[in-house]
Each structure stands twice: as C-alpha cells, then as structure tokens.
Protein chains: 2
Amino acid sequence: MTVPEQRLQEALTTLKKSGVRITPQRHAVLEYLMQSMKHPTADEIYKALEDKFPNMSVATVYNNLRVFLDIGLVRELTYGDSSSRFDCNTSDHYHIICDECGKIVDFHYPSLNEVEQLAEQVTGFDVTNHRMEVYGTCEDCQQLAKH
Amino acid sequence: MTVPEQRLQEALTTLKKSGVRITPQRHAVLEYLMQSMKHPTADEIYKALEDKFPNMSVATVYNNLRVFLDIGLVRELTYGDSSSRFDCNTSDHYHIICDECGKIVDFHYPSLNEVEQLAEQVTGFDVTNHRMEVYGTCEDCQQLAKH
DNA sequence: TTCTTACATTAGAATGCTTATAATCTAGTT
DNA sequence: AACTAGATTATAAGCATTCTAATGTAAGAA
Ligand SMILES: [Mn+2]
Ligand SMILES: [Mn+2]
Ligand SMILES: [Zn+2]
Ligand SMILES: [Zn+2]
C-alpha cells in the first residue's frame, strides 16, 4: 500500500471514530486531498471531481473540508485575498512559495522556538504558535526567465 | 512637530515627487494612517473619516491605499479570509496577534536570514523575502480570562 | 485670475470566495 | 425493510474588494 493510500485508510478510520459518515463525495474529496501534493484550493478539488460527481455542489467540498479541518485531518493555508489552500500533511513543516507561478513547496526547518520565547517576553503575550513562509522564484520560473 | 506629523509631511513630499495630487480625501486617509498605531482595515479608515467626509466613497479609501502601497508608503497585512490591514510603519518588523481580540502589536527581532538561506539551498528557489507572525493571547485578554 | 485637462471621486454594479438556507436524499443503525 | 440524524444539492446571501461611467477638481498654463 502506497503512502497516500495508507494515509487515506487512517483518515477514514479517524472519521468513523468521530462518528462522521463516509459518503461517496466525502470519500472522493478525502482521497483527492491525500494523494495531492499541491495544496489544492476548494475549487480545484471541485473541478478535479466533477467528472466523477457531475452533480456535486461546491458547498459539499467546503462542508467536507470544514469537517476534515475540525477533526485535524487537514490544515488550511491562507494567503492574502486569494482562496484558501488545503494541506493534508499535518506534520510540522513550513512552505516556500513562488511569486511567479504560485507553486507551494514543503520545506522543513526546526521550529522557531526562540522567536516565540522572545516575543512572549517582549510583548507579555501568552504565545501559542507562529506562522512563517518564505517567498521567491522557483527553479522552473528561473529557467523561464532566462529565455 | 510630533513623529506622526513628521511622517505625514515626508509622505506628502513623496507623493508630490511622484506626481500624485493631494486631495482632501487622500490627505485625510494618509493622516489617519500615519497617526494610527493599530493597523486599520480599509473599512475602519472609511468609518473613522465619515464625519469629516460624509460623501466619501469606500472606493476612494481603497484607491488611495493602493496608491500608497505602490509608492511604498504603507504595507498591506493579510490574514486569512478577513479584510486586509494597513501598516504605515514600513521599517522591518514582525507582528504578534491576539487570537482572542485580534489586536496586532509590533515586535522587533533580527531578520531570519538563516531561514531564507537554508530554504534557498534546500528548494533551489531564488529567495526574495519571508513572512512571520506570532500568535497568542494578549495581556488584556489574559486578565479577562482570569475573572 | 481664469482656463484646461488629466487625474480623482462618487454611487452603484460586479466579482470572487465562502457560508447559509431549505428541500431532498442517504448511510448506518434498528 | 424502516427509520432518522446527518449529508447533499441548488440557490441565495454575505462580505471584501474592484470595476464602471459620470461628475468633480487639483494644479499647472495662459
Ligand atoms: Mn505542505
Ligand atoms: Mn506594524
Ligand atoms: Zn514558479
Ligand atoms: Zn487580546
């Protein structure tokens, strides 16, 4: 069993344990998320599944994403005014984003605990988490720029 | 002359140099931004000025914010699906945000250059910048939670 | 000062993403 | 097979932001 298949099975088990029904649409959204490496938007999921489910409502995609978020199966990534993206990799990792083509790539780095600690001392906040992304131009877009 | 007043004068000079007309509405939006310490939204600016300019359009606020952004007089802060906030402090600094009340506080920390360098090496991206925010509960909200 | 015009403002429509509503359907249990 | 809480659907609504087209005006020129 491949890694995405395994993650899908685990996710289905988690859903059942939470008393969430497994409908064909829900299964398909989950499956697409688990096998996708590209942090899709709700609309991308909707369009990817419209052949299989021609009558599926876009609300169904949003409803299911909400369910998955609440259970902790996916993460929501928000960037400015464009649409949210969804990440089925819930382990701690950062992202690097291409300013040209919008590509989002996973990127591992030790968690910035010193920053959180200093922020706590300086501001008096009770710190819970942080967010960090790196921006630049991906290799593909660097190549394109040369020609 | 106070610091906000000085910043306003400098900003007006920059606008004139760029060939941008100084209208009463534009002046008021700029003045409000420069004296505000709270990273206002477009709508907050609009509402703050409606006594002075009862006929001002919300589009005027957005238009002027865009002009200021293009010239580099303000920064836009985007958080999830809620509305953008605008920061007249264009010097390098980070933010810490209260999860309870939404307050945004400036917070200085040396720039995370090592992160950018490592990201560049690992991903092959040509890195230009990064974004980082810390989240938690502010002191006021901590006090409220105790009672 | 008056004239001129390119730029700015205004009201309202339009857009894009997301959520709400209410009718219909169905997964999973009895 | 019957039941029902929960899911799906089509559509409307909400919200921040941008667009459009008519009107107004800042600032330089005459
Ligand atoms: Mn990721
Ligand atoms: Mn700031
Ligand atoms: Zn790219
Ligand atoms: Zn607070």
# chains A, B, ... in the order shown; residues from 1 in each chain; ligands from 1
$ closest_atom_pairs --of "chain B" --to "chain A" --cutoff "8 Å" --atoms "only C-alpha atoms" --output "Markdown table"
| residue | atom | partner | partner_atom | distance |
| --- | --- | --- | --- | --- |
| B:Leu77 | CA | A:Gly80 | CA | 8.0 |
| B:Thr78 | CA | A:Gly80 | CA | 4.7 |
| B:Tyr79 | CA | A:Gly80 | CA | 6.4 |
| B:Gly80 | CA | A:Thr78 | CA | 4.7 |
| B:Asp81 | CA | A:Asp81 | CA | 6.7 |
| B:Ser84 | CA | A:Gly80 | CA | 7.7 |
| B:Ile96 | CA | A:Ala119 | CA | 7.5 |
| B:Cys98 | CA | A:Phe125 | CA | 7.8 |
| B:Val105 | CA | A:Thr123 | CA | 7.9 |
| B:Phe107 | CA | A:Ala119 | CA | 7.0 |
| B:Tyr109 | CA | A:Val115 | CA | 7.7 |
| B:Val115 | CA | A:Tyr109 | CA | 7.7 |
| B:Glu116 | CA | A:Val134 | CA | 6.7 |
| B:Ala119 | CA | A:Phe107 | CA | 7.0 |
| B:Val122 | CA | A:Phe107 | CA | 7.7 |
| B:Thr123 | CA | A:Phe107 | CA | 7.5 |
| B:Gly124 | CA | A:Glu139 | CA | 5.9 |
| B:Phe125 | CA | A:Cys138 | CA | 4.4 |
| B:Asp126 | CA | A:Thr137 | CA | 4.9 |
| B:Val127 | CA | A:Gly136 | CA | 4.0 |
| B:Thr128 | CA | A:Gly136 | CA | 4.8 |
| B:Asn129 | CA | A:Tyr135 | CA | 5.3 |
| B:His130 | CA | A:Val134 | CA | 4.2 |
| B:Arg131 | CA | A:Glu133 | CA | 5.3 |
| B:Met132 | CA | A:Met132 | CA | 4.2 |
| B:Glu133 | CA | A:Arg131 | CA | 5.3 |
| B:Val134 | CA | A:His130 | CA | 4.2 |
| B:Tyr135 | CA | A:Asn129 | CA | 5.3 |
| B:Gly136 | CA | A:Val127 | CA | 4.0 |
| B:Thr137 | CA | A:Asp126 | CA | 4.9 |
| B:Cys138 | CA | A:Phe125 | CA | 4.4 |
| B:Glu139 | CA | A:Phe125 | CA | 5.7 |
| B:Gln142 | CA | A:Asp126 | CA | 7.8 |
$ select_by_dssp --residues "chain B" --states "helix (DSSP H, G or I)" --output "VMD selection string"
chain B and resid 3 to 17 24 to 35 42 to 48 58 to 71 113 to 123 139 to 146
$ interface_residues --of "chain A" --to "chain D" --cutoff "9 Å" --atoms "only C-alpha atoms (C1' of nucleotides)" --output "list of chain:residue names"
A:Val20, A:Arg21, A:Thr23, A:Gln25, A:Asn55, A:Met56, A:Ser57, A:Ala59, A:Thr60, A:Asp81
$ write_last_selection --atoms "N, CA and C atoms" --output "JSON list (two decimals), in the first residue's frame"
[["chain", "number", "residue", "atom", "x", "y", "z"],
["A", 20, "VAL", "N", -18.43, 10.29, 11.93],
["A", 20, "VAL", "CA", -18.72, 11.00, 10.68],
["A", 20, "VAL", "C", -19.02, 9.97, 9.60],
["A", 21, "ARG", "N", -20.11, 10.17, 8.88],
["A", 21, "ARG", "CA", -20.49, 9.21, 7.84],
["A", 21, "ARG", "C", -19.55, 9.29, 6.64],
["A", 23, "THR", "N", -19.54, 9.20, 3.01],
["A", 23, "THR", "CA", -20.32, 9.25, 1.77],
["A", 23, "THR", "C", -19.36, 9.17, 0.58],
["A", 25, "GLN", "N", -19.03, 11.22, -1.90],
["A", 25, "GLN", "CA", -18.43, 12.53, -2.14],
["A", 25, "GLN", "C", -17.34, 12.83, -1.11],
["A", 55, "ASN", "N", -22.92, 16.10, -10.32],
["A", 55, "ASN", "CA", -23.93, 16.87, -9.59],
["A", 55, "ASN", "C", -23.45, 17.38, -8.24],
["A", 56, "MET", "N", -22.20, 17.13, -7.92],
["A", 56, "MET", "CA", -21.73, 17.56, -6.61],
["A", 56, "MET", "C", -21.73, 19.09, -6.50],
["A", 57, "SER", "N", -22.20, 19.57, -5.37],
["A", 57, "SER", "CA", -22.23, 21.01, -5.12],
["A", 57, "SER", "C", -20.88, 21.47, -4.56],
["A", 59, "ALA", "N", -20.61, 23.51, -2.34],
["A", 59, "ALA", "CA", -20.82, 23.58, -0.89],
["A", 59, "ALA", "C", -20.41, 22.28, -0.21],
["A", 60, "THR", "N", -20.60, 21.18, -0.92],
["A", 60, "THR", "CA", -20.19, 19.89, -0.36],
["A", 60, "THR", "C", -18.68, 19.84, -0.14],
["A", 81, "ASP", "N", -5.78, 37.72, -0.38],
["A", 81, "ASP", "CA", -7.18, 37.74, -0.73],
["A", 81, "ASP", "C", -7.58, 36.59, -1.66]]
$ closest_residue --among "A:Gln143, A:Asn63, A:Asn113, A:Thr13" --to "chain C" --atoms "only C-alpha atoms (C1' of nucleotides)"
A:Asn63
$ select_by_dssp --residues "chain A" --states "strand (DSSP E or B)" --output "number ranges by chain"
A: 41, 75-77, 85-87, 94-98, 104-107, 126-137
$ interface_residues --of "chain C" --to "chain A" --cutoff "9 Å" --atoms "only C-alpha atoms (C1' of nucleotides)" --output "VMD selection string"
chain C and resid 16 to 19 26 to 28
$ atom_distance --atom1 "CA of Gln121 (chain A)" --atom2 "CA of Asn89 (chain B)"
22.2 Å
$ atom_distance --atom1 "CA of Ala11 (chain B)" --atom2 "C1' of DT10 (chain C)"
25.2 Å
